[in-house]
$ cat data-v9.txt   # compact mmCIF, C-alpha atoms and all ligand atoms
# COMPACT_ATOMS: atom_id res chain seq x y z
CA MET A 424 130.95 106.11 101.96
CA SER A 425 128.97 107.50 99.02
CA THR A 426 127.17 110.85 98.72
CA PRO A 427 124.25 111.08 101.14
CA VAL A 428 120.77 110.44 99.77
CA LYS A 429 118.48 113.32 100.73
CA VAL A 430 115.19 112.08 102.14
CA ALA A 431 112.39 114.48 103.05
CA VAL A 432 109.78 113.54 105.63
CA THR A 433 106.74 115.73 106.24
CA GLY A 434 104.77 115.58 109.46
CA ALA A 435 108.07 114.60 111.02
CA ALA A 436 107.00 115.46 114.59
CA GLY A 437 103.94 113.21 114.37
CA GLN A 438 103.37 109.64 115.52
CA ILE A 439 104.50 107.94 112.31
CA GLY A 440 107.45 110.32 112.09
CA TYR A 441 108.61 109.26 115.53
CA SER A 442 109.02 105.71 114.33
CA LEU A 443 110.02 106.42 110.74
CA LEU A 444 112.91 108.81 111.36
CA PHE A 445 114.88 106.45 113.59
CA ARG A 446 114.54 103.57 111.15
CA LEU A 447 115.56 105.76 108.21
CA ALA A 448 118.54 107.12 110.14
CA SER A 449 119.68 103.65 111.20
CA GLY A 450 119.93 102.40 107.62
CA ALA A 451 116.67 100.45 107.28
CA LEU A 452 115.99 102.06 103.90
CA LEU A 453 119.38 102.48 102.26
CA GLY A 454 121.52 99.91 104.07
CA PRO A 455 124.66 100.33 106.19
CA ASP A 456 126.88 101.75 103.43
CA THR A 457 124.76 104.65 102.18
CA PRO A 458 124.56 107.80 104.29
CA ILE A 459 121.22 109.55 104.57
CA GLU A 460 120.46 113.23 105.05
CA LEU A 461 117.07 113.91 106.59
CA ARG A 462 115.02 116.95 105.57
CA LEU A 463 112.15 117.34 107.96
CA LEU A 464 109.10 119.51 107.28
CA GLU A 465 106.59 120.51 109.92
CA ILE A 466 104.08 123.26 110.52
CA THR A 467 105.47 126.12 112.60
CA PRO A 468 103.80 125.18 115.93
CA ALA A 469 105.31 121.67 115.76
CA LEU A 470 108.90 122.80 115.12
CA LYS A 471 109.81 122.86 118.79
CA ALA A 472 108.65 119.27 119.27
CA LEU A 473 110.60 118.38 116.14
CA GLU A 474 113.74 119.93 117.63
CA GLY A 475 113.33 117.48 120.50
CA VAL A 476 113.11 114.57 118.07
CA VAL A 477 116.27 115.78 116.36
CA MET A 478 118.04 115.88 119.75
CA GLU A 479 117.10 112.21 120.13
CA LEU A 480 118.34 111.43 116.63
CA ASP A 481 121.66 113.07 117.55
CA ASP A 482 121.78 111.01 120.73
CA CYS A 483 121.56 107.77 118.76
CA ALA A 484 124.88 108.58 116.99
CA PHE A 485 123.74 106.63 113.93
CA PRO A 486 126.77 106.02 111.68
CA THR A 487 124.61 106.39 108.54
CA LEU A 488 123.01 109.72 109.50
CA ALA A 489 124.94 112.39 107.60
CA GLY A 490 122.80 115.38 108.60
CA VAL A 491 119.38 116.67 109.59
CA GLU A 492 117.68 119.88 108.52
CA ILE A 493 114.29 120.98 109.77
CA GLY A 494 111.92 123.74 108.74
CA ASP A 495 108.42 124.91 107.91
CA ASP A 496 109.15 126.10 104.37
CA ALA A 497 108.70 123.34 101.79
CA THR A 498 110.84 125.02 99.13
CA LYS A 499 113.81 125.11 101.50
CA VAL A 500 113.29 121.66 103.03
CA PHE A 501 112.69 119.91 99.67
CA ASP A 502 115.70 121.51 97.99
CA GLY A 503 117.62 118.78 96.16
CA VAL A 504 115.73 115.87 97.77
CA ASN A 505 115.87 112.45 96.11
CA LEU A 506 112.97 110.93 97.99
CA ALA A 507 109.98 112.62 99.64
CA LEU A 508 107.87 110.74 102.16
CA LEU A 509 104.75 112.86 102.58
CA VAL A 510 103.32 111.74 105.91
CA GLY A 511 101.90 114.94 107.39
CA ALA A 512 98.24 115.47 106.57
CA ARG A 513 95.10 116.96 108.00
CA PRO A 514 93.04 114.35 109.86
CA ARG A 515 89.27 114.36 109.71
CA GLY A 516 87.97 116.45 112.62
CA PRO A 517 84.56 116.26 114.28
CA GLY A 518 81.77 117.26 111.92
CA MET A 519 84.12 117.49 108.95
CA GLU A 520 82.58 116.37 105.64
CA ARG A 521 84.64 114.58 103.02
CA GLY A 522 84.75 117.74 100.90
CA ASP A 523 86.19 119.70 103.85
CA LEU A 524 88.81 117.01 104.37
CA LEU A 525 89.82 117.01 100.72
CA GLU A 526 90.00 120.78 100.69
CA ALA A 527 92.13 120.95 103.84
CA ASN A 528 94.52 118.38 102.40
CA GLY A 529 94.56 120.14 99.07
CA GLY A 530 95.92 123.12 100.99
CA ILE A 531 98.85 120.90 102.02
CA PHE A 532 99.53 118.70 99.00
CA ALA A 533 99.07 121.30 96.23
CA PRO A 534 101.83 123.60 97.58
CA GLN A 535 104.04 120.61 98.45
CA GLY A 536 103.66 119.31 94.87
CA LYS A 537 104.60 122.77 93.54
CA ALA A 538 107.62 122.98 95.85
CA LEU A 539 108.86 119.53 94.79
CA ASN A 540 108.39 120.54 91.16
CA GLU A 541 110.53 123.59 91.74
CA VAL A 542 113.39 122.34 93.89
CA ALA A 543 113.60 118.52 94.16
CA ALA A 544 116.42 116.54 92.57
CA GLU A 545 116.06 115.13 89.05
CA ASP A 546 115.55 111.59 90.38
CA ILE A 547 112.86 112.57 92.94
CA ARG A 548 110.44 109.84 94.03
CA VAL A 549 107.40 110.75 96.11
CA THR A 550 105.39 108.52 98.42
CA VAL A 551 102.25 109.79 100.11
CA THR A 552 101.30 108.14 103.41
CA GLY A 553 99.10 110.96 104.75
CA ASN A 554 95.38 110.32 104.23
CA PRO A 555 93.42 110.35 102.02
CA ALA A 556 96.68 109.05 100.57
CA ASN A 557 95.65 108.23 96.99
CA THR A 558 93.92 111.53 96.35
CA ASN A 559 96.61 113.51 98.17
CA ALA A 560 99.13 111.90 95.82
CA LEU A 561 96.93 112.86 92.85
CA ILE A 562 96.88 116.47 94.07
CA ALA A 563 100.67 116.57 94.56
CA MET A 564 101.26 114.95 91.13
CA SER A 565 98.89 117.34 89.39
CA ASN A 566 100.75 120.30 90.87
CA ALA A 567 104.16 119.06 89.74
CA PRO A 568 103.94 119.09 85.93
CA ASP A 569 107.70 118.77 85.37
CA ILE A 570 108.10 115.61 87.43
CA PRO A 571 107.18 112.40 85.56
CA GLN A 572 103.85 111.07 86.87
CA SER A 573 105.44 107.69 87.49
CA ARG A 574 107.46 109.27 90.32
CA PHE A 575 104.35 109.70 92.48
CA SER A 576 102.87 106.94 94.58
CA ALA A 577 100.65 106.38 97.60
CA LEU A 578 101.06 103.84 100.35
CA THR A 579 99.01 100.65 100.24
CA ARG A 580 101.92 98.54 101.46
CA LEU A 581 100.57 98.56 105.01
CA ASP A 582 97.33 97.00 103.74
CA HIS A 583 99.45 94.55 101.71
CA ASN A 584 101.47 93.58 104.77
CA ARG A 585 98.31 93.22 106.85
CA ALA A 586 96.83 90.91 104.20
CA ILE A 587 99.97 88.75 104.16
CA SER A 588 99.96 88.52 107.93
CA GLN A 589 96.26 87.56 108.15
CA LEU A 590 96.61 84.90 105.47
CA ALA A 591 99.77 83.43 107.01
CA ALA A 592 98.04 83.22 110.40
CA LYS A 593 94.97 81.54 108.89
CA LEU A 594 97.09 78.88 107.19
CA GLY A 595 99.68 78.55 109.95
CA VAL A 596 102.61 79.32 107.64
CA PRO A 597 105.42 81.87 107.93
CA VAL A 598 104.80 85.17 106.12
CA THR A 599 107.75 84.33 103.87
CA GLU A 600 105.63 81.60 102.21
CA ILE A 601 103.14 84.17 100.88
CA THR A 602 103.79 85.80 97.52
CA LYS A 603 101.87 87.79 94.90
CA MET A 604 99.54 89.52 97.35
CA THR A 605 97.56 92.39 95.83
CA ILE A 606 95.62 95.29 97.25
CA TRP A 607 93.47 96.91 94.56
CA GLY A 608 91.93 100.38 94.61
CA ASN A 609 91.88 102.98 97.33
CA HIS A 610 93.63 103.00 100.73
CA SER A 611 90.27 103.08 102.49
CA ALA A 612 87.63 100.67 103.72
CA THR A 613 86.70 99.96 100.06
CA GLN A 614 90.13 98.50 99.24
CA TYR A 615 90.17 94.97 97.82
CA PRO A 616 92.76 92.53 99.15
CA ASP A 617 92.88 89.78 96.50
CA LEU A 618 93.61 86.14 97.36
CA PHE A 619 92.80 84.80 93.90
CA HIS A 620 96.25 85.69 92.58
CA ALA A 621 98.21 85.35 95.82
CA GLU A 622 100.23 82.21 96.42
CA VAL A 623 101.14 80.17 99.49
CA SER A 624 104.28 78.11 98.98
CA GLY A 625 103.58 78.41 95.25
CA ARG A 626 99.97 77.23 95.52
CA ASN A 627 96.96 79.45 94.78
CA ALA A 628 95.97 81.13 98.07
CA ALA A 629 92.18 81.09 97.55
CA GLU A 630 92.38 77.34 96.87
CA ALA A 631 94.67 76.77 99.84
CA VAL A 632 92.15 78.59 102.07
CA GLY A 633 89.26 76.67 100.47
CA ASP A 634 86.71 78.73 102.37
CA GLN A 635 84.98 81.44 100.32
CA ASP A 636 83.01 82.54 103.36
CA TRP A 637 86.20 83.27 105.35
CA LEU A 638 87.71 85.02 102.35
CA ALA A 639 84.69 87.27 101.72
CA ASN A 640 83.35 87.81 105.23
CA THR A 641 86.40 87.63 107.50
CA PHE A 642 89.61 88.18 105.55
CA ILE A 643 88.57 91.15 103.41
CA PRO A 644 86.86 93.16 106.18
CA THR A 645 89.62 92.35 108.70
CA VAL A 646 92.28 93.75 106.38
CA ALA A 647 90.17 96.70 105.24
CA LYS A 648 89.16 97.69 108.79
CA ARG A 649 92.44 96.91 110.53
CA GLY A 650 93.24 100.60 111.00
CA ALA A 651 89.99 101.09 112.94
CA ALA A 652 90.67 97.97 115.05
CA ILE A 653 94.07 99.36 116.02
CA ILE A 654 92.56 102.71 117.01
CA GLU A 655 90.00 100.84 119.10
CA ALA A 656 92.70 98.78 120.88
CA ARG A 657 95.56 101.27 121.15
CA GLY A 658 93.66 104.50 121.47
CA SER A 659 95.58 105.98 118.55
CA SER A 660 96.14 105.07 114.93
CA SER A 661 98.78 102.70 113.54
CA ALA A 662 102.15 104.35 113.64
CA ALA A 663 105.10 101.92 113.81
CA SER A 664 103.49 99.58 111.27
CA ALA A 665 102.73 102.51 108.96
CA ALA A 666 106.35 103.70 109.27
CA SER A 667 107.60 100.19 108.57
CA ALA A 668 105.38 99.87 105.50
CA THR A 669 106.51 103.29 104.25
CA ILE A 670 110.10 102.05 104.41
CA ASP A 671 109.17 98.73 102.73
CA HIS A 672 107.46 100.68 99.93
CA ALA A 673 110.39 103.03 99.35
CA ARG A 674 112.98 100.24 99.61
CA THR A 675 111.15 98.15 97.02
CA TRP A 676 110.93 101.17 94.73
CA LEU A 677 114.68 101.75 94.97
CA GLN A 678 115.84 98.13 95.04
CA GLY A 679 113.21 96.21 93.04
CA THR A 680 110.96 93.22 93.56
CA PRO A 681 112.31 89.67 93.75
CA GLU A 682 111.83 87.32 90.78
CA GLY A 683 108.43 85.65 90.95
CA ASP A 684 106.83 88.13 93.34
CA TRP A 685 105.19 91.53 93.31
CA VAL A 686 104.01 94.19 95.77
CA SER A 687 101.01 96.52 96.05
CA MET A 688 101.65 100.18 95.26
CA SER A 689 99.20 102.94 94.49
CA VAL A 690 100.41 104.41 91.21
CA VAL A 691 98.95 106.39 88.33
CA SER A 692 96.67 104.22 86.19
CA ASP A 693 97.29 103.76 82.48
CA GLY A 694 93.84 102.20 82.16
CA SER A 695 95.01 98.70 83.16
CA TYR A 696 92.27 96.44 84.54
CA GLY A 697 89.61 99.01 83.65
CA VAL A 698 90.90 101.53 86.23
CA ALA A 699 90.30 104.99 84.75
CA GLU A 700 93.48 106.56 83.42
CA GLY A 701 95.10 109.11 85.69
CA LEU A 702 93.68 107.86 88.98
CA ILE A 703 96.22 106.87 91.62
CA SER A 704 95.04 103.38 92.45
CA SER A 705 96.61 100.35 94.07
CA PHE A 706 97.82 97.64 91.69
CA PRO A 707 100.11 94.64 91.72
CA VAL A 708 103.45 96.03 90.57
CA THR A 709 106.93 94.77 89.90
CA VAL A 710 109.89 97.11 90.16
CA ALA A 711 113.21 97.00 88.30
CA ASN A 712 115.88 99.70 88.05
CA GLY A 713 113.80 102.11 90.11
CA GLU A 714 110.79 101.95 87.76
CA TRP A 715 107.52 100.23 88.58
CA SER A 716 105.30 98.37 86.12
CA ILE A 717 101.76 97.17 86.65
CA VAL A 718 101.58 93.37 86.42
CA GLN A 719 99.58 92.57 83.30
CA GLY A 720 97.34 89.73 82.20
CA LEU A 721 95.73 88.63 85.48
CA ASP A 722 92.28 87.11 85.08
CA ILE A 723 89.70 89.05 87.07
CA ASP A 724 86.56 87.08 87.94
CA ASP A 725 83.16 88.65 88.65
CA PHE A 726 83.69 88.75 92.43
CA SER A 727 87.00 90.60 92.08
CA ARG A 728 85.63 92.83 89.32
CA GLY A 729 82.84 94.07 91.58
CA LYS A 730 85.23 94.80 94.45
CA ILE A 731 87.79 96.58 92.26
CA ASP A 732 85.09 98.65 90.54
CA ALA A 733 83.60 99.76 93.87
CA SER A 734 86.94 100.98 95.21
CA VAL A 735 87.89 102.66 91.94
CA ALA A 736 84.49 104.39 91.84
CA GLU A 737 85.37 105.96 95.21
CA LEU A 738 88.69 107.19 93.79
CA ALA A 739 86.88 108.66 90.78
CA GLU A 740 84.48 110.49 93.11
CA GLU A 741 87.38 111.88 95.12
CA ARG A 742 89.01 113.05 91.88
CA GLU A 743 85.79 114.80 90.83
CA ALA A 744 85.57 116.48 94.23
CA VAL A 745 89.14 117.83 94.12
CA LYS A 746 88.63 118.93 90.51
CA GLU A 747 85.57 120.92 91.57
CA LEU A 748 87.63 122.47 94.35
CA GLY A 749 90.19 123.55 91.74
CA LEU A 750 92.95 121.52 93.41
CA ILE A 751 93.93 119.60 90.28
P1 LIG B 801 100.00 112.78 113.55
O1 LIG B 801 98.82 113.68 113.67
O2 LIG B 801 100.62 112.19 114.75
O3 LIG B 801 101.15 113.59 112.77
C1 LIG B 801 100.93 114.34 111.64
C2 LIG B 801 101.95 115.45 111.63
O4 LIG B 801 101.81 116.15 110.41
C3 LIG B 801 101.74 116.46 112.76
O5 LIG B 801 102.94 116.58 113.50
C4 LIG B 801 101.39 117.75 112.03
O6 LIG B 801 101.91 118.90 112.66
C5 LIG B 801 102.06 117.50 110.67
N1 LIG B 801 101.55 118.34 109.59
C6 LIG B 801 100.29 118.77 109.38
N2 LIG B 801 100.24 119.57 108.31
C7 LIG B 801 101.48 119.62 107.82
C8 LIG B 801 102.08 120.32 106.72
N3 LIG B 801 101.35 121.12 105.93
N4 LIG B 801 103.41 120.15 106.51
C9 LIG B 801 104.13 119.39 107.32
N5 LIG B 801 103.65 118.73 108.37
C10 LIG B 801 102.34 118.85 108.62
O7 LIG B 801 99.59 111.67 112.48
P2 LIG B 801 100.28 110.27 112.17
O8 LIG B 801 99.71 109.25 113.05
O9 LIG B 801 101.75 110.44 112.12
O10 LIG B 801 99.69 109.97 110.73
C11 LIG B 801 100.06 110.77 109.61
C12 LIG B 801 99.17 110.46 108.43
O11 LIG B 801 99.29 109.11 108.03
C13 LIG B 801 97.67 110.66 108.72
O12 LIG B 801 97.08 111.32 107.62
C14 LIG B 801 97.16 109.24 108.80
O13 LIG B 801 95.78 109.15 108.49
C15 LIG B 801 98.00 108.56 107.77
N6 LIG B 801 98.08 107.10 107.82
C16 LIG B 801 98.21 106.46 106.64
C17 LIG B 801 98.33 105.09 106.55
C18 LIG B 801 98.50 104.41 105.24
O14 LIG B 801 98.60 103.18 105.24
N7 LIG B 801 98.54 105.09 104.10
C19 LIG B 801 98.26 104.24 107.78
C20 LIG B 801 98.58 105.01 109.03
C21 LIG B 801 98.02 106.40 109.08
O15 LIG B 801 96.66 106.32 109.44
$ encode --input "data-v9.txt" --output "structure tokens"
Amino acid sequence: MSTPVKVAVTGAAGQIGYSLLFRLASGALLGPDTPIELRLLEITPALKALEGVVMELDDCAFPTLAGVEIGDDATKVFDGVNLALLVGARPRGPGMERGDLLEANGGIFAPQGKALNEVAAEDIRVTVTGNPANTNALIAMSNAPDIPQSRFSALTRLDHNRAISQLAAKLGVPVTEITKMTIWGNHSATQYPDLFHAEVSGRNAAEAVGDQDWLANTFIPTVAKRGAAIIEARGSSSAASAASATIDHARTWLQGTPEGDWVSMSVVSDGSYGVAEGLISSFPVTVANGEWSIVQGLDIDDFSRGKIDASVAELAEEREAVKELGLI
């Protein structure tokens, strides 16, 4: 077996963590031949619960799990990590305004960005799942000046997977027939799941659906509000699906996209498709040799333009707010 890959998970005692850790440890990310070392960060009051989770990890006797370290000090936990999955975040509490939420999360993601900058491995890759994911990733990136900006990303793969699943169900085809799905913009209710570039068995998805009303008034809101629908049904937010998407995202980043397909990743904008430079926004991306590239040259019609602009405007507002708070 090769040298273990060191993977940090924050918020490891939370709901998503409870699903994510077991899949990571069992080889779902790196495969059966690469050992993984887990570095788990929690806040002090959650460390005891995390010890219980580690007992369960031990009890699984996963052949690929080379070690587990836990702690509440980011500079110790992140030391030498190759991949950081930043899941722990401050949820919006009752009466909390957006500014309060951004400030509370700034208090988490600014120091975590600094710690990664100081102690992570040279090849560090960072994925932010904790909400507001795009702006939290922007805060972490801005506080890690020595790490290339391309190593920061936020999770829109869950939205991407939801869009694939909804489209496949509508057309009665297996999910494997759907390619080139794109989520544009922010991981929020303003996100834009785009069927105009997606394909079903190689055919344009919007044409295959042939129902603009379904596309605009059912598909887009169903995908964008799926998180709320799950809370309504389950009584708590998506956890196993979010963990699964976090693994899909990281696996694609490490292993690449297949020929003729792409995925949705929130990455730093270079100005492509009119998305202001420096925002962390969701784009169609291909990945090769561990590096992502934004798919270029897609035609954006007026309908899509309006949707992308609205979501990007929200990201720009969030950036202004965290700038004013001195977080970036
Ligand atoms: P939980 O509240 O169950 O767990 C969060 C954990 O983070 C807690 O154990 C808490 O102690 C820990 N934590 C808080 N501050 C921390 C810090 N400074 N360092 C380390 N750990 C810290 O939430 P869970 O359901 O696991 O969701 C985690 C995050 O994912 C939330 O922000 C949630 O909104 C977000 N989600 C993002 C999704 C996406 O697609 N990007 C979808 C699912 C999910 O809603």
$ residues_around --input "data-v9.txt" --residues "stretch 488-496 of chain A" --least-positions-apart "6" --cutoff "8 Å" --atoms "all atoms listed in the file" --output "JSON, numbers by chain"
{"A": [427, 448, 449, 458, 459, 460, 461, 462, 463, 464, 465, 466, 467, 470, 473, 474, 477]}
$ residues_near_ligand --input "data-v9.txt" --ligand "ligand LIG 801 (chain B)" --cutoff "8 Å" --atoms "all atoms listed in the file" --output "PyMOL selection string"
chain A and resi 433-441+464-466+468-469+495+497+510-514+530-532+535+551-556+577-582+610+650+659-662+664-666+668-669
$ atom_distance --input "data-v9.txt" --atom1 "atom CA of A:Thr487" --atom2 "atom CA of A:Ser667"
18.1 Å
$ atom_distance --input "data-v9.txt" --atom1 "atom CA of A:Gly713" --atom2 "atom CA of A:Leu677"
5.0 Å
$ atom_distance --input "data-v9.txt" --atom1 "atom CA of A:Phe485" --atom2 "atom CA of A:Val428"
15.0 Å
$ residues_around --input "data-v9.txt" --residues "A:Val542" --least-positions-apart "5" --cutoff "10 Å" --atoms "only C-alpha atoms" --output "PyMOL selection string"
chain A and resi 497-504+537+547
$ residues_around --input "data-v9.txt" --residues "A:Ala629" --least-positions-apart "4" --cutoff "7 Å" --atoms "only C-alpha atoms" --output "list in words"
Leu618, Phe619 and Gly633 of chain A
$ closest_residue --input "data-v9.txt" --among "A:Thr457, A:Asn609, A:Asn584, A:Asn540" --to "A:Thr558" --atoms "all atoms listed in the file"
A:Asn609
$ closest_residue --input "data-v9.txt" --among "A:Ser576, A:Gln719, A:Ser442, A:Gln614" --to "A:Met564" --atoms "all atoms listed in the file"
A:Ser576
$ residues_around --input "data-v9.txt" --residues "A:Glu600" --least-positions-apart "5" --cutoff "10 Å" --atoms "only C-alpha atoms" --output "number ranges by chain"
A: 587, 591, 622-626
$ closest_residue --input "data-v9.txt" --among "A:Val430, A:Ala673, A:Leu508, A:Ala560" --to "A:Ala533" --atoms "all atoms listed in the file"
A:Ala560
$ residues_around --input "data-v9.txt" --residues "A:Asp724" --least-positions-apart "6" --cutoff "12 Å" --atoms "all atoms listed in the file" --output "list in words"
Asp617, Leu618, Phe619, His620, Tyr696, Lys730, Ile731 and Asp732 of chain A
$ axis_aligned_box --input "data-v9.txt" --around "stretch 601-606 of chain A" --padding-each-side "3 Å" --output "AutoDock Vina command-line options"
--center_x 99.7 --center_y 89.7 --center_z 97.9 --size_x 14.2 --size_y 17.1 --size_z 12.0
$ residues_near_point --input "data-v9.txt" --point "(101.3, 93.1, 94.4)" --cutoff "9 Å" --atoms "all atoms listed in the file" --output "ChimeraX atom specification"
/A:580,583,602-607,621,684-688,705-709,717-718
$ closest_residue --input "data-v9.txt" --among "A:Ala663, A:Ile562, A:Val632, A:Leu453" --to "A:Arg742" --atoms "all atoms listed in the file"
A:Ile562
$ closest_residue --input "data-v9.txt" --among "A:Leu702, A:Ala451, A:Ala567, A:Val710" --to "A:Pro681" --atoms "all atoms listed in the file"
A:Val710
$ closest_residue --input "data-v9.txt" --among "A:Val598, A:Gly608, A:Gln589, A:Gly518" --to "A:Gly729" --atoms "only C-alpha atoms"
A:Gly608
$ residues_near_point --input "data-v9.txt" --point "(109.8, 113.9, 99.8)" --cutoff "6 Å" --atoms "all atoms listed in the file" --output "list of chain:residue names"
A:Ala431, A:Val432, A:Leu506, A:Ala507, A:Leu508, A:Leu509, A:Val549
$ build_atoms --input "data-v9.txt" --residues "stretch 519-527 of chain A" --atoms "all heavy atoms" --output "mmCIF file, in the frame of the given file"
data_model
loop_
_atom_site.group_PDB
_atom_site.id
_atom_site.type_symbol
_atom_site.label_atom_id
_atom_site.label_comp_id
_atom_site.auth_asym_id
_atom_site.auth_seq_id
_atom_site.Cartn_x
_atom_site.Cartn_y
_atom_site.Cartn_z
ATOM 1 N N MET A 519 83.507 117.133 110.225
ATOM 2 C CA MET A 519 84.120 117.490 108.950
ATOM 3 C C MET A 519 83.566 116.584 107.843
ATOM 4 O O MET A 519 83.594 115.366 107.980
ATOM 5 C CB MET A 519 85.630 117.261 109.085
ATOM 6 C CG MET A 519 86.499 118.226 108.365
ATOM 7 S SD MET A 519 88.203 117.904 108.905
ATOM 8 C CE MET A 519 89.071 118.816 107.655
ATOM 9 N N GLU A 520 83.064 117.161 106.776
ATOM 10 C CA GLU A 520 82.580 116.370 105.640
ATOM 11 C C GLU A 520 83.776 115.978 104.780
ATOM 12 O O GLU A 520 84.849 116.573 104.902
ATOM 13 C CB GLU A 520 81.618 117.222 104.794
ATOM 14 C CG GLU A 520 80.367 117.663 105.511
ATOM 15 C CD GLU A 520 79.457 116.493 105.896
ATOM 16 O OE1 GLU A 520 79.428 115.497 105.144
ATOM 17 O OE2 GLU A 520 78.811 116.566 106.951
ATOM 18 N N ARG A 521 83.541 115.009 103.868
ATOM 19 C CA ARG A 521 84.640 114.580 103.020
ATOM 20 C C ARG A 521 85.208 115.728 102.186
ATOM 21 O O ARG A 521 86.418 115.859 102.007
ATOM 22 C CB ARG A 521 84.224 113.420 102.115
ATOM 23 C CG ARG A 521 85.436 112.822 101.435
ATOM 24 C CD ARG A 521 85.118 111.568 100.688
ATOM 25 N NE ARG A 521 84.205 111.840 99.595
ATOM 26 C CZ ARG A 521 83.928 110.958 98.648
ATOM 27 N NH1 ARG A 521 84.450 109.771 98.687
ATOM 28 N NH2 ARG A 521 83.097 111.277 97.674
ATOM 29 N N GLY A 522 84.301 116.599 101.700
ATOM 30 C CA GLY A 522 84.750 117.740 100.900
ATOM 31 C C GLY A 522 85.685 118.645 101.701
ATOM 32 O O GLY A 522 86.685 119.132 101.184
ATOM 33 N N ASP A 523 85.343 118.849 102.991
ATOM 34 C CA ASP A 523 86.190 119.700 103.850
ATOM 35 C C ASP A 523 87.569 119.071 104.016
ATOM 36 O O ASP A 523 88.598 119.740 104.012
ATOM 37 C CB ASP A 523 85.580 119.851 105.254
ATOM 38 C CG ASP A 523 84.167 120.422 105.223
ATOM 39 O OD1 ASP A 523 83.876 121.178 104.285
ATOM 40 O OD2 ASP A 523 83.376 120.087 106.130
ATOM 41 N N LEU A 524 87.549 117.738 104.174
ATOM 42 C CA LEU A 524 88.810 117.010 104.370
ATOM 43 C C LEU A 524 89.692 117.120 103.125
ATOM 44 O O LEU A 524 90.897 117.395 103.215
ATOM 45 C CB LEU A 524 88.499 115.533 104.662
ATOM 46 C CG LEU A 524 89.711 114.655 104.932
ATOM 47 C CD1 LEU A 524 90.275 114.944 106.317
ATOM 48 C CD2 LEU A 524 89.350 113.169 104.837
ATOM 49 N N LEU A 525 89.052 116.933 101.964
ATOM 50 C CA LEU A 525 89.820 117.010 100.720
ATOM 51 C C LEU A 525 90.363 118.422 100.511
ATOM 52 O O LEU A 525 91.500 118.609 100.087
ATOM 53 C CB LEU A 525 88.948 116.584 99.530
ATOM 54 C CG LEU A 525 88.540 115.105 99.508
ATOM 55 C CD1 LEU A 525 87.494 114.839 98.435
ATOM 56 C CD2 LEU A 525 89.752 114.198 99.297
ATOM 57 N N GLU A 526 89.565 119.395 100.862
ATOM 58 C CA GLU A 526 90.000 120.780 100.690
ATOM 59 C C GLU A 526 91.170 121.115 101.612
ATOM 60 O O GLU A 526 92.163 121.720 101.192
ATOM 61 C CB GLU A 526 88.822 121.725 100.973
ATOM 62 C CG GLU A 526 89.119 123.151 100.558
ATOM 63 C CD GLU A 526 87.868 124.023 100.558
ATOM 64 O OE1 GLU A 526 86.826 123.600 101.124
ATOM 65 O OE2 GLU A 526 87.956 125.132 99.999
ATOM 66 N N ALA A 527 91.051 120.675 102.872
ATOM 67 C CA ALA A 527 92.130 120.950 103.840
ATOM 68 C C ALA A 527 93.423 120.280 103.385
ATOM 69 O O ALA A 527 94.511 120.866 103.461
ATOM 70 C CB ALA A 527 91.721 120.438 105.218
#
